[in-house]
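Student: Pasting protein-v3.pdb here (PDB, C-alpha atoms):
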MODEL        1
ATOM      1  CA  MET O1019      83.401 122.197  95.921
ATOM      2  CA  VAL O1020      83.871 123.961  99.272
ATOM      3  CA  ARG O1021      85.413 121.573 101.774
ATOM      4  CA  PRO O1022      84.518 121.790 105.446
ATOM      5  CA  TYR O1023      87.262 122.787 107.848
ATOM      6  CA  LEU O1024      89.622 119.849 108.365
ATOM      7  CA  PRO O1025      91.144 119.579 111.852
ATOM      8  CA  LEU O1026      94.498 118.358 110.527
ATOM      9  CA  ASN O1027      96.348 118.493 113.853
ATOM     10  CA  ALA O1028      93.653 116.419 115.528
ATOM     11  CA  LEU O1029      93.529 113.930 112.649
ATOM     12  CA  ARG O1030      97.301 113.564 112.721
ATOM     13  CA  ALA O1031      97.277 113.016 116.479
ATOM     14  CA  PHE O1032      94.591 110.341 116.160
ATOM     15  CA  GLU O1033      96.450 108.537 113.331
ATOM     16  CA  ALA O1034      99.714 108.456 115.283
ATOM     17  CA  ALA O1035      98.013 107.339 118.481
ATOM     18  CA  SER O1036      96.190 104.563 116.615
ATOM     19  CA  ARG O1037      99.476 103.159 115.309
ATOM     20  CA  HIS O1038     101.157 103.213 118.700
ATOM     21  CA  LEU O1039      98.028 102.646 120.817
ATOM     22  CA  SER O1040      99.657 105.136 123.146
ATOM     23  CA  PHE O1041      99.373 108.899 123.528
ATOM     24  CA  THR O1042     102.883 108.983 124.980
ATOM     25  CA  ARG O1043     104.557 107.284 122.018
ATOM     26  CA  ALA O1044     102.474 109.315 119.576
ATOM     27  CA  ALA O1045     103.650 112.470 121.337
ATOM     28  CA  ILE O1046     107.281 111.406 120.952
ATOM     29  CA  GLU O1047     106.750 110.852 117.220
ATOM     30  CA  LEU O1048     105.014 114.213 116.763
ATOM     31  CA  CYS O1049     107.435 116.116 119.033
ATOM     32  CA  VAL O1050     104.667 117.428 121.289
ATOM     33  CA  THR O1051     103.520 116.627 124.811
ATOM     34  CA  GLN O1052     101.351 113.687 125.769
ATOM     35  CA  ALA O1053      98.712 116.129 126.986
ATOM     36  CA  ALA O1054      98.671 117.854 123.597
ATOM     37  CA  VAL O1055      97.980 114.585 121.768
ATOM     38  CA  SER O1056      95.257 113.623 124.250
ATOM     39  CA  HIS O1057      93.695 117.071 123.875
ATOM     40  CA  GLN O1058      93.677 116.909 120.073
ATOM     41  CA  VAL O1059      92.075 113.460 120.076
ATOM     42  CA  LYS O1060      89.436 114.678 122.527
ATOM     43  CA  LEU O1061      88.673 117.640 120.249
ATOM     44  CA  LEU O1062      88.248 115.271 117.300
ATOM     45  CA  GLU O1063      85.926 113.027 119.312
ATOM     46  CA  GLN O1064      83.815 116.041 120.276
ATOM     47  CA  ARG O1065      83.650 117.199 116.656
ATOM     48  CA  LEU O1066      82.589 113.763 115.402
ATOM     49  CA  GLY O1067      80.364 112.950 118.350
ATOM     50  CA  VAL O1068      81.914 109.508 118.831
ATOM     51  CA  THR O1069      84.510 107.817 121.013
ATOM     52  CA  LEU O1070      87.644 106.854 119.086
ATOM     53  CA  PHE O1071      89.633 105.198 121.888
ATOM     54  CA  ARG O1072      88.909 103.297 125.059
ATOM     55  CA  ARG O1073      91.390 104.517 127.642
ATOM     56  CA  LEU O1074      92.925 101.527 129.397
ATOM     57  CA  PRO O1075      95.333 101.402 132.363
ATOM     58  CA  ARG O1076      98.181 100.335 130.058
ATOM     59  CA  GLY O1077      97.383 101.993 126.771
ATOM     60  CA  LEU O1078      94.544 102.472 124.330
ATOM     61  CA  MET O1079      92.019 100.308 122.528
ATOM     62  CA  ILE O1080      90.644 101.685 119.283
ATOM     63  CA  THR O1081      86.850 101.598 118.903
ATOM     64  CA  GLU O1082      84.845 100.489 115.865
ATOM     65  CA  GLU O1083      84.334 104.153 114.976
ATOM     66  CA  GLY O1084      88.086 104.677 115.131
ATOM     67  CA  LEU O1085      88.721 101.611 112.969
ATOM     68  CA  ALA O1086      86.330 103.001 110.346
ATOM     69  CA  LEU O1087      88.176 106.334 110.229
ATOM     70  CA  LEU O1088      91.721 104.994 110.347
ATOM     71  CA  PRO O1089      92.170 103.490 106.816
ATOM     72  CA  VAL O1090      91.037 106.713 105.145
ATOM     73  CA  LEU O1091      93.457 108.781 107.202
ATOM     74  CA  ARG O1092      96.391 106.442 106.624
ATOM     75  CA  GLU O1093      95.866 106.425 102.874
ATOM     76  CA  SER O1094      95.488 110.208 102.793
ATOM     77  CA  PHE O1095      98.608 110.873 104.863
ATOM     78  CA  ASP O1096     100.583 108.317 102.825
ATOM     79  CA  ARG O1097      99.538 109.981  99.584
ATOM     80  CA  MET O1098     100.460 113.421 100.870
ATOM     81  CA  ALA O1099     103.828 112.150 102.074
ATOM     82  CA  ASP O1100     104.444 110.459  98.730
ATOM     83  CA  MET O1101     103.678 113.658  96.842
ATOM     84  CA  LEU O1102     105.935 115.775  99.056
ATOM     85  CA  GLU O1103     108.790 113.302  98.561
ATOM     86  CA  ARG O1104     108.461 113.794  94.816
ATOM     87  CA  PHE O1105     109.670 117.387  95.090
ATOM     88  CA  GLU O1106     113.453 117.381  95.003
ATOM     89  CA  GLY O1107     115.769 120.267  94.137
ATOM     90  CA  GLY O1108     112.844 122.454  93.193
ATOM     91  CA  GLN O1109     111.574 119.956  90.593
ATOM     92  CA  LEU O1110     108.622 117.596  90.675
ATOM     93  CA  ARG O1111     109.768 113.995  90.372
ATOM     94  CA  GLU O1112     107.468 111.743  88.341
ATOM     95  CA  VAL O1113     106.821 108.256  89.715
ATOM     96  CA  LEU O1114     106.951 105.273  87.369
ATOM     97  CA  LYS O1115     105.928 101.862  88.718
ATOM     98  CA  LEU O1116     107.399  98.978  86.747
ATOM     99  CA  GLY O1117     107.056  95.228  87.132
ATOM    100  CA  ALA O1118     109.497  92.935  85.329
ATOM    101  CA  VAL O1119     110.305  89.277  84.916
ATOM    102  CA  GLY O1120     113.064  88.541  87.428
ATOM    103  CA  THR O1121     115.501  87.120  84.858
ATOM    104  CA  LEU O1122     115.292  90.219  82.679
ATOM    105  CA  ALA O1123     115.400  92.574  85.656
ATOM    106  CA  VAL O1124     118.638  91.074  86.991
ATOM    107  CA  GLY O1125     120.399  90.158  83.764
ATOM    108  CA  TRP O1126     119.389  92.961  81.414
ATOM    109  CA  LEU O1127     117.612  95.887  83.053
ATOM    110  CA  LEU O1128     119.715  96.530  86.170
ATOM    111  CA  PRO O1129     122.982  97.039  84.239
ATOM    112  CA  ARG O1130     121.231  99.729  82.166
ATOM    113  CA  LEU O1131     119.447 101.618  84.938
ATOM    114  CA  ALA O1132     122.433 103.882  85.598
ATOM    115  CA  ASP O1133     122.009 105.205  82.055
ATOM    116  CA  PHE O1134     118.298 105.804  82.637
ATOM    117  CA  ARG O1135     118.853 107.666  85.903
ATOM    118  CA  ALA O1136     121.617 109.793  84.385
ATOM    119  CA  LYS O1137     119.367 110.832  81.498
ATOM    120  CA  PHE O1138     116.109 111.194  83.437
ATOM    121  CA  PRO O1139     116.877 112.002  87.089
ATOM    122  CA  TYR O1140     113.399 113.470  87.589
ATOM    123  CA  ILE O1141     111.720 110.056  87.097
ATOM    124  CA  ASP O1142     111.413 107.998  90.272
ATOM    125  CA  LEU O1143     111.476 104.426  88.961
ATOM    126  CA  ARG O1144     110.009 101.839  91.351
ATOM    127  CA  LEU O1145     110.823  98.293  90.270
ATOM    128  CA  SER O1146     109.242  95.034  91.400
ATOM    129  CA  THR O1147     109.922  91.567  90.018
ATOM    130  CA  ASN O1148     107.739  88.577  89.219
ATOM    131  CA  ASN O1149     107.919  85.167  87.522
ATOM    132  CA  ASN O1150     105.902  86.304  84.488
ATOM    133  CA  ARG O1151     102.577  86.161  86.333
ATOM    134  CA  VAL O1152     101.506  89.696  87.124
ATOM    135  CA  ASP O1153      98.253  91.604  87.680
ATOM    136  CA  ILE O1154      99.021  95.113  86.462
ATOM    137  CA  ALA O1155      95.808  96.619  87.828
ATOM    138  CA  ALA O1156      95.981  94.977  91.254
ATOM    139  CA  GLU O1157      99.634  95.953  91.717
ATOM    140  CA  GLY O1158      99.115  99.510  90.473
ATOM    141  CA  LEU O1159     101.804  99.230  87.808
ATOM    142  CA  ASP O1160     102.312 101.650  84.946
ATOM    143  CA  TYR O1161     104.176  99.037  82.912
ATOM    144  CA  ALA O1162     105.035  95.355  83.163
ATOM    145  CA  ILE O1163     107.780  93.670  81.164
ATOM    146  CA  ARG O1164     106.787  90.084  80.530
ATOM    147  CA  PHE O1165     107.731  87.148  78.328
ATOM    148  CA  GLY O1166     105.409  85.513  75.821
ATOM    149  CA  ASN O1167     103.673  86.033  72.487
ATOM    150  CA  GLY O1168     102.230  89.491  73.206
ATOM    151  CA  ALA O1169      98.613  88.320  73.496
ATOM    152  CA  TRP O1170      97.145  89.341  76.848
ATOM    153  CA  HIS O1171      93.543  90.393  77.454
ATOM    154  CA  ASP O1172      92.966  94.173  77.657
ATOM    155  CA  ILE O1173      96.722  94.729  77.453
ATOM    156  CA  GLU O1174      98.662  96.983  75.086
ATOM    157  CA  ALA O1175     101.894  95.120  74.290
ATOM    158  CA  GLU O1176     104.947  96.485  72.509
ATOM    159  CA  ALA O1177     107.639  94.021  71.398
ATOM    160  CA  LEU O1178     111.116  94.559  72.822
ATOM    161  CA  PHE O1179     113.411  91.685  71.782
ATOM    162  CA  GLU O1180     113.808  87.937  71.735
ATOM    163  CA  ALA O1181     116.108  86.122  74.146
ATOM    164  CA  PRO O1182     116.853  82.725  72.552
ATOM    165  CA  LEU O1183     117.684  79.799  74.832
ATOM    166  CA  SER O1184     120.857  77.735  74.744
ATOM    167  CA  VAL O1185     122.741  75.309  76.966
ATOM    168  CA  LEU O1186     124.697  76.881  79.841
ATOM    169  CA  CYS O1187     126.895  75.015  82.319
ATOM    170  CA  ILE O1188     130.056  75.310  84.382
ATOM    171  CA  PRO O1189     133.443  74.883  82.592
ATOM    172  CA  PRO O1190     134.213  71.397  83.998
ATOM    173  CA  ILE O1191     130.945  70.063  82.586
ATOM    174  CA  ALA O1192     131.394  72.004  79.324
ATOM    175  CA  ARG O1193     134.720  70.242  78.749
ATOM    176  CA  THR O1194     132.933  66.871  78.781
ATOM    177  CA  LEU O1195     130.398  67.938  76.142
ATOM    178  CA  LYS O1196     131.981  67.137  72.794
ATOM    179  CA  THR O1197     128.729  66.904  70.819
ATOM    180  CA  PRO O1198     125.065  67.739  71.576
ATOM    181  CA  ASP O1199     124.524  64.009  72.186
ATOM    182  CA  ASP O1200     126.596  64.358  75.352
ATOM    183  CA  VAL O1201     124.068  66.834  76.791
ATOM    184  CA  ALA O1202     121.441  64.081  76.913
ATOM    185  CA  ARG O1203     123.554  62.242  79.494
ATOM    186  CA  GLN O1204     123.616  65.217  81.869
ATOM    187  CA  THR O1205     121.118  66.303  84.511
ATOM    188  CA  LEU O1206     118.800  68.662  82.626
ATOM    189  CA  LEU O1207     117.631  71.683  84.602
ATOM    190  CA  ARG O1208     114.383  72.987  83.174
ATOM    191  CA  SER O1209     111.582  75.523  83.439
ATOM    192  CA  TYR O1210     107.872  74.797  83.692
ATOM    193  CA  ARG O1211     107.688  75.001  79.868
ATOM    194  CA  THR O1212     107.982  71.304  79.050
ATOM    195  CA  ASP O1213     108.685  71.770  75.322
ATOM    196  CA  GLU O1214     111.961  73.691  75.685
ATOM    197  CA  TRP O1215     114.452  70.838  76.026
ATOM    198  CA  PRO O1216     112.805  68.687  73.306
ATOM    199  CA  SER O1217     112.927  71.724  70.980
ATOM    200  CA  TRP O1218     116.612  72.302  71.711
ATOM    201  CA  PHE O1219     117.557  68.663  71.051
ATOM    202  CA  GLU O1220     115.549  68.775  67.811
ATOM    203  CA  ALA O1221     117.400  71.953  66.759
ATOM    204  CA  ALA O1222     120.702  70.214  67.592
ATOM    205  CA  GLY O1223     119.725  67.146  65.553
ATOM    206  CA  VAL O1224     119.556  64.834  68.548
ATOM    207  CA  GLU O1225     116.814  62.465  69.706
ATOM    208  CA  PRO O1226     115.401  63.982  72.925
ATOM    209  CA  PRO O1227     115.970  61.878  76.046
ATOM    210  CA  PRO O1228     113.441  61.634  78.908
ATOM    211  CA  ILE O1229     113.384  65.041  80.606
ATOM    212  CA  LEU O1230     113.506  64.361  84.345
ATOM    213  CA  GLY O1231     115.565  67.219  85.811
ATOM    214  CA  LEU O1232     114.706  69.793  88.440
ATOM    215  CA  VAL O1233     112.037  72.365  87.540
ATOM    216  CA  PHE O1234     112.524  76.106  88.216
ATOM    217  CA  ASP O1235     110.183  79.058  87.840
ATOM    218  CA  SER O1236     113.103  81.427  87.195
ATOM    219  CA  SER O1237     116.088  81.223  84.865
ATOM    220  CA  VAL O1238     118.091  83.074  87.512
ATOM    221  CA  LEU O1239     117.574  80.191  89.932
ATOM    222  CA  MET O1240     118.171  77.634  87.210
ATOM    223  CA  VAL O1241     121.510  79.106  86.170
ATOM    224  CA  GLU O1242     122.534  79.509  89.808
ATOM    225  CA  ALA O1243     121.899  75.780  90.237
ATOM    226  CA  ALA O1244     123.967  75.106  87.117
ATOM    227  CA  MET O1245     126.789  77.255  88.521
ATOM    228  CA  GLN O1246     126.749  75.057  91.622
ATOM    229  CA  GLY O1247     127.212  71.984  89.442
ATOM    230  CA  ALA O1248     123.653  70.642  89.700
ATOM    231  CA  GLY O1249     123.375  70.093  85.936
ATOM    232  CA  VAL O1250     123.061  71.936  82.642
ATOM    233  CA  ALA O1251     120.585  74.776  82.185
ATOM    234  CA  LEU O1252     118.601  75.829  79.147
ATOM    235  CA  ALA O1253     118.470  79.600  79.517
ATOM    236  CA  PRO O1254     118.980  82.831  77.541
ATOM    237  CA  PRO O1255     122.736  83.597  77.306
ATOM    238  CA  LEU O1256     121.814  87.253  76.753
ATOM    239  CA  MET O1257     120.630  87.467  80.363
ATOM    240  CA  PHE O1258     123.827  85.945  81.744
ATOM    241  CA  SER O1259     126.459  87.855  79.799
ATOM    242  CA  ARG O1260     128.301  88.863  82.990
ATOM    243  CA  GLN O1261     128.648  85.266  84.156
ATOM    244  CA  LEU O1262     129.764  84.197  80.669
ATOM    245  CA  ALA O1263     132.319  87.004  80.474
ATOM    246  CA  ALA O1264     133.665  86.084  83.911
ATOM    247  CA  GLY O1265     134.044  82.434  82.910
ATOM    248  CA  GLU O1266     131.659  81.265  85.622
ATOM    249  CA  ILE O1267     129.553  79.480  83.010
ATOM    250  CA  GLU O1268     130.029  78.530  79.376
ATOM    251  CA  GLN O1269     127.833  78.025  76.343
ATOM    252  CA  PRO O1270     129.215  74.808  74.808
ATOM    253  CA  PHE O1271     127.183  74.841  71.566
ATOM    254  CA  PRO O1272     125.921  77.667  69.299
ATOM    255  CA  VAL O1273     122.467  76.078  69.124
ATOM    256  CA  TYR O1274     119.551  78.359  70.005
ATOM    257  CA  ILE O1275     115.782  78.055  70.206
ATOM    258  CA  SER O1276     113.287  80.892  70.617
ATOM    259  CA  LYS O1277     110.081  80.472  72.587
ATOM    260  CA  GLY O1278     108.849  84.053  72.644
ATOM    261  CA  SER O1279     109.855  87.648  73.195
ATOM    262  CA  TYR O1280     109.947  90.206  75.943
ATOM    263  CA  TRP O1281     107.156  92.780  75.766
ATOM    264  CA  LEU O1282     106.531  96.147  77.393
ATOM    265  CA  THR O1283     102.891  95.989  78.474
ATOM    266  CA  ARG O1284     100.317  98.263  80.056
ATOM    267  CA  LEU O1285      96.579  98.299  80.582
ATOM    268  CA  LYS O1286      94.764  99.684  77.559
ATOM    269  CA  SER O1287      92.700 101.783  79.952
ATOM    270  CA  ARG O1288      95.822 103.329  81.541
ATOM    271  CA  PRO O1289      96.518 106.861  80.217
ATOM    272  CA  VAL O1290     100.142 107.309  79.162
ATOM    273  CA  THR O1291     101.915 109.847  81.370
ATOM    274  CA  PRO O1292     105.008 111.823  80.301
ATOM    275  CA  ALA O1293     107.158 109.566  82.486
ATOM    276  CA  MET O1294     105.680 106.460  80.849
ATOM    277  CA  GLU O1295     106.336 107.791  77.364
ATOM    278  CA  THR O1296     109.903 108.711  78.295
ATOM    279  CA  PHE O1297     110.520 105.221  79.656
ATOM    280  CA  ARG O1298     108.943 103.580  76.613
ATOM    281  CA  ARG O1299     111.221 105.469  74.223
ATOM    282  CA  TRP O1300     114.285 104.653  76.331
ATOM    283  CA  MET O1301     113.315 100.980  76.393
ATOM    284  CA  GLN O1302     112.958 100.955  72.618
ATOM    285  CA  GLN O1303     116.433 102.467  72.244
ATOM    286  CA  MET O1304     117.936  99.879  74.599
ATOM    287  CA  SER O1305     116.035  97.104  72.818
ATOM    288  CA  GLU O1306     117.304  98.161  69.393
ATOM    289  CA  GLU O1307     120.871  98.060  70.712
ATOM    290  CA  THR O1308     120.222  94.611  72.144
ATOM    291  CA  GLN O1309     118.777  93.268  68.894
ATOM    292  CA  THR O1310     121.786  94.559  66.972
ATOM    293  CA  ALA O1311     124.117  92.551  69.204
ATOM    294  CA  ALA O1312     121.887  89.469  69.593
ATOM    295  CA  PRO O1313     122.706  86.142  67.894
ATOM    296  CA  ALA O1314     120.926  85.362  64.659
TER
ENDMDL
END
Any chance you could give the structure as structure tokens?
Tutor:
Amino acid sequence: MVRPYLPLNALRAFEAASRHLSFTRAAIELCVTQAAVSHQVKLLEQRLGVTLFRRLPRGLMITEEGLALLPVLRESFDRMADMLERFEGGQLREVLKLGAVGTLAVGWLLPRLADFRAKFPYIDLRLSTNNNRVDIAAEGLDYAIRFGNGAWHDIEAEALFEAPLSVLCIPPIARTLKTPDDVARQTLLRSYRTDEWPSWFEAAGVEPPPILGLVFDSSVLMVEAAMQGAGVALAPPLMFSRQLAAGEIEQPFPVYISKGSYWLTRLKSRPVTPAMETFRRWMQQMSEETQTAAPA
């Protein structure tokens, strides 16, 4: 397909002027004169046969025609800028967009990212977090790491590892917990999954008490509340190994329950890029190491 001549200088001048609503400020950004920006916009208006700006005494007002053109230009310039940024040191950097459950991102993934970057410096990993509710298509993600049973509609899911839950609390509270029965007399911090505490008490051989504690949508927040003495948390010790090692929290009983696994997921319709395959293999290696060290 033969493209018509694209007046790039004029398009760039219009896009900058539309953001600033000022030829003067657009000129400063583009390192040209105000007259040059005004001239380029006028040339674009003549080419298109429309008026893009209303010239006002104290600036500019974009017209409906200008508003129709602007989103296309912004997206195009953003995509070009993104591609140019991917060239570094004479090598094309591959972008990988990843979404992850916040607890896993903070407690498990971040400590391992230095290893990933050292091994694969050409992959530009862009990480966002969520509370296990994610729309991969809407957010433009290559992968999402989520917690559950692996059954999501139109999703390819690859199991990573389990992260069993156990009681976590600050040392002063831990010293008062002689048996699992003592946990029932504490403030129970909980997630929106209402069956977790009853399952833990059942595993510990204790009659579950009424579960009336605070509800959190993130284990990170829950454990932070526990570290501030608000109660005892039921959370995955694997994700809080640094806090356990530092003595900030303790796990008073070796009683675990499992409510699911972490999964590496992608849309079935999403073609696997080289960067995605590289990340998948690295994740599997890290997951195997984690499973080797995980409690039975």
Student: For each of O:Leu1029, O:Met1301, O:Val1152, O:Met1240, take the minimum atom-to-atom distance to Leu1061 (chain O), counting all atoms listed in the file, then give the residue where this is smallest.
Tutor: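 Distance minimum relative to Leu1061 (chain O) lands on O:Leu1029.
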Student: I'd like to know which of O:Ala1169, O:Ala1181, O:Ala1054, O:Ala1035 is closest to Gly1125 (chain O), using only C-alpha atoms.
Tutor: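 Using only C-alpha atoms, the shortest distance to Gly1125 (chain O) belongs to O:Ala1181.
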Student: Starting from the displayed file, determine the output of the PyMOL selection byres ((chain O and resi 1222) around 12) and express the residue list as a list in words.
Tutor: Ser1184, Val1185, Thr1197, Pro1198, Asp1199, Asp1200, Val1201, Ala1202, Trp1215, Pro1216, Ser1217, Trp1218, Phe1219, Glu1220, Ala1221, Gly1223, Val1224, Glu1225, Pro1226, Phe1271, Pro1272, Val1273, Tyr1274 and Ile1275 of chain O
Student: Residues at most 6 Å from region 1153-1166 of chain O, counting only C-alpha atoms, excluding those fewer than 3 positions away in the same chain, as a PyMOL selection string?
Tutor: chain O and resi 1115-1119+1150+1278-1284
Student: My list of candidates is O:Thr1081, O:Ile1188, O:Arg1021, O:Cys1049. Which is closest to Ala1034 (chain O) when distances are computed with all atoms listed in the file?
Tutor: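 Looking only at the distances to Ala1034 (chain O), the closest residue turns out to be O:Cys1049.
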Student: As a list in words, please: the residues near Met1101 (chain O) (cut-off 10 Å, all atoms listed in the file, same-chain neighbours under 5 positions excluded).
Tutor: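 In the requested format, the answer is Phe1095, Asp1096, Leu1110, Arg1111, Glu1112 and Val1113 of chain O.
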Student: Looking at all atoms listed in the file, which of O:Leu1285, O:Leu1127, O:Leu1039, O:Val1238 is the one that sits closest to Leu1074 (chain O)?
Tutor: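 Answer, going by the shortest atom-to-atom distance: O:Leu1039.
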Student: Using CA of Leu1070 (chain O) and CA of His1038 (chain O) as the two end points, give the distance in Å to one decimal.
Tutor: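 Between CA of Leu1070 (chain O) and CA of His1038 (chain O) the gap is 14.0 Å.
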Student: To one decimal place, how far is CA of Leu1232 (chain O) from CA of Ala1244 (chain O) in Å?
Tutor: 10.8 Å
Student: If you measure from CA of Leu1230 (chain O) to CA of Leu1207 (chain O), what distance in Å do you get, rounded to one decimal?
Tutor: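 If I compute the distance from CA of Leu1230 (chain O) to CA of Leu1207 (chain O), I get 8.4 Å.
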Student: Going by the chain IDs and residue numbers used in this file, which residues fall under the PyMOL selection byres ((chain O and resi 1259) around 12)? Write them as a PyMOL selection string.
Tutor: chain O and resi 1122+1124-1126+1129+1181+1186+1241+1253-1258+1260-1269+1308+1311-1312
Student: Which residues, written as a PyMOL selection string, have at least one atom at most 12 Å from Leu1239 (chain O), with all atoms listed in the file counted and residues fewer than 2 positions away on the same chain left out?
Tutor: chain O and resi 1120-1121+1124+1149+1207-1209+1232-1237+1241-1246+1248+1251-1253+1258
Student: Save the residues we just selected, C-alpha atoms, as a compact mmCIF listing (two decimals), in the frame of the given file?
Tutor:
# COMPACT_ATOMS: atom_id res chain seq x y z
CA GLY O 1120 113.06 88.54 87.43
CA THR O 1121 115.50 87.12 84.86
CA VAL O 1124 118.64 91.07 86.99
CA ASN O 1149 107.92 85.17 87.52
CA LEU O 1207 117.63 71.68 84.60
CA ARG O 1208 114.38 72.99 83.17
CA SER O 1209 111.58 75.52 83.44
CA LEU O 1232 114.71 69.79 88.44
CA VAL O 1233 112.04 72.36 87.54
CA PHE O 1234 112.52 76.11 88.22
CA ASP O 1235 110.18 79.06 87.84
CA SER O 1236 113.10 81.43 87.20
CA SER O 1237 116.09 81.22 84.86
CA VAL O 1241 121.51 79.11 86.17
CA GLU O 1242 122.53 79.51 89.81
CA ALA O 1243 121.90 75.78 90.24
CA ALA O 1244 123.97 75.11 87.12
CA MET O 1245 126.79 77.26 88.52
CA GLN O 1246 126.75 75.06 91.62
CA ALA O 1248 123.65 70.64 89.70
CA ALA O 1251 120.58 74.78 82.18
CA LEU O 1252 118.60 75.83 79.15
CA ALA O 1253 118.47 79.60 79.52
CA PHE O 1258 123.83 85.94 81.74
Student: Please write the residues picked by the PyMOL selection byres ((chain O and resi 1290-1293) around 7) on this file as a PyMOL selection string.
Tutor: chain O and resi 1112+1114+1141+1288-1289+1294-1297
Student: Place N, CA, C and O atoms on region 1224-1238 of chain O and deliver the coordinates as a PDB file, in the coordinates of the input.
Tutor:
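As written to disk, out_5.pdb reads:
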ATOM      1  N   VAL O1224     119.386  65.943  67.611  1.00  0.00           N
ATOM      2  CA  VAL O1224     119.556  64.834  68.548  1.00  0.00           C
ATOM      3  C   VAL O1224     118.181  64.340  69.002  1.00  0.00           C
ATOM      4  O   VAL O1224     117.260  65.135  69.220  1.00  0.00           O
ATOM      5  N   GLU O1225     118.050  63.036  69.178  1.00  0.00           N
ATOM      6  CA  GLU O1225     116.814  62.465  69.706  1.00  0.00           C
ATOM      7  C   GLU O1225     116.663  62.868  71.172  1.00  0.00           C
ATOM      8  O   GLU O1225     117.544  62.611  71.995  1.00  0.00           O
ATOM      9  N   PRO O1226     115.558  63.527  71.534  1.00  0.00           N
ATOM     10  CA  PRO O1226     115.401  63.982  72.925  1.00  0.00           C
ATOM     11  C   PRO O1226     115.340  62.812  73.897  1.00  0.00           C
ATOM     12  O   PRO O1226     114.624  61.837  73.657  1.00  0.00           O
ATOM     13  N   PRO O1227     116.061  62.900  75.010  1.00  0.00           N
ATOM     14  CA  PRO O1227     115.970  61.878  76.046  1.00  0.00           C
ATOM     15  C   PRO O1227     114.777  62.165  76.959  1.00  0.00           C
ATOM     16  O   PRO O1227     114.136  63.214  76.839  1.00  0.00           O
ATOM     17  N   PRO O1228     114.456  61.298  77.884  1.00  0.00           N
ATOM     18  CA  PRO O1228     113.441  61.634  78.908  1.00  0.00           C
ATOM     19  C   PRO O1228     113.915  62.850  79.713  1.00  0.00           C
ATOM     20  O   PRO O1228     115.078  62.913  80.113  1.00  0.00           O
ATOM     21  N   ILE O1229     113.022  63.806  79.903  1.00  0.00           N
ATOM     22  CA  ILE O1229     113.384  65.041  80.606  1.00  0.00           C
ATOM     23  C   ILE O1229     112.926  64.907  82.056  1.00  0.00           C
ATOM     24  O   ILE O1229     111.734  65.012  82.357  1.00  0.00           O
ATOM     25  N   LEU O1230     113.853  64.668  82.959  1.00  0.00           N
ATOM     26  CA  LEU O1230     113.506  64.361  84.345  1.00  0.00           C
ATOM     27  C   LEU O1230     114.185  65.285  85.351  1.00  0.00           C
ATOM     28  O   LEU O1230     114.162  65.023  86.541  1.00  0.00           O
ATOM     29  N   GLY O1231     114.800  66.373  84.896  1.00  0.00           N
ATOM     30  CA  GLY O1231     115.565  67.219  85.811  1.00  0.00           C
ATOM     31  C   GLY O1231     114.708  68.097  86.696  1.00  0.00           C
ATOM     32  O   GLY O1231     113.478  68.099  86.636  1.00  0.00           O
ATOM     33  N   LEU O1232     115.382  68.865  87.540  1.00  0.00           N
ATOM     34  CA  LEU O1232     114.706  69.793  88.440  1.00  0.00           C
ATOM     35  C   LEU O1232     113.970  70.861  87.647  1.00  0.00           C
ATOM     36  O   LEU O1232     114.404  71.272  86.570  1.00  0.00           O
ATOM     37  N   VAL O1233     112.854  71.338  88.194  1.00  0.00           N
ATOM     38  CA  VAL O1233     112.037  72.365  87.540  1.00  0.00           C
ATOM     39  C   VAL O1233     112.156  73.667  88.314  1.00  0.00           C
ATOM     40  O   VAL O1233     112.037  73.682  89.547  1.00  0.00           O
ATOM     41  N   PHE O1234     112.370  74.789  87.604  1.00  0.00           N
ATOM     42  CA  PHE O1234     112.524  76.106  88.216  1.00  0.00           C
ATOM     43  C   PHE O1234     111.526  77.078  87.590  1.00  0.00           C
ATOM     44  O   PHE O1234     111.185  76.957  86.411  1.00  0.00           O
ATOM     45  N   ASP O1235     111.077  78.036  88.385  1.00  0.00           N
ATOM     46  CA  ASP O1235     110.183  79.058  87.840  1.00  0.00           C
ATOM     47  C   ASP O1235     110.951  80.324  87.464  1.00  0.00           C
ATOM     48  O   ASP O1235     110.356  81.336  87.108  1.00  0.00           O
ATOM     49  N   SER O1236     112.273  80.265  87.512  1.00  0.00           N
ATOM     50  CA  SER O1236     113.103  81.427  87.195  1.00  0.00           C
ATOM     51  C   SER O1236     114.415  80.950  86.587  1.00  0.00           C
ATOM     52  O   SER O1236     115.067  80.048  87.121  1.00  0.00           O
ATOM     53  N   SER O1237     114.798  81.561  85.469  1.00  0.00           N
ATOM     54  CA  SER O1237     116.088  81.223  84.865  1.00  0.00           C
ATOM     55  C   SER O1237     117.241  81.632  85.763  1.00  0.00           C
ATOM     56  O   SER O1237     118.314  81.022  85.709  1.00  0.00           O
ATOM     57  N   VAL O1238     117.047  82.661  86.582  1.00  0.00           N
ATOM     58  CA  VAL O1238     118.091  83.074  87.512  1.00  0.00           C
ATOM     59  C   VAL O1238     118.411  81.942  88.476  1.00  0.00           C
ATOM     60  O   VAL O1238     119.580  81.598  88.719  1.00  0.00           O
TER      61      VAL O1238
END
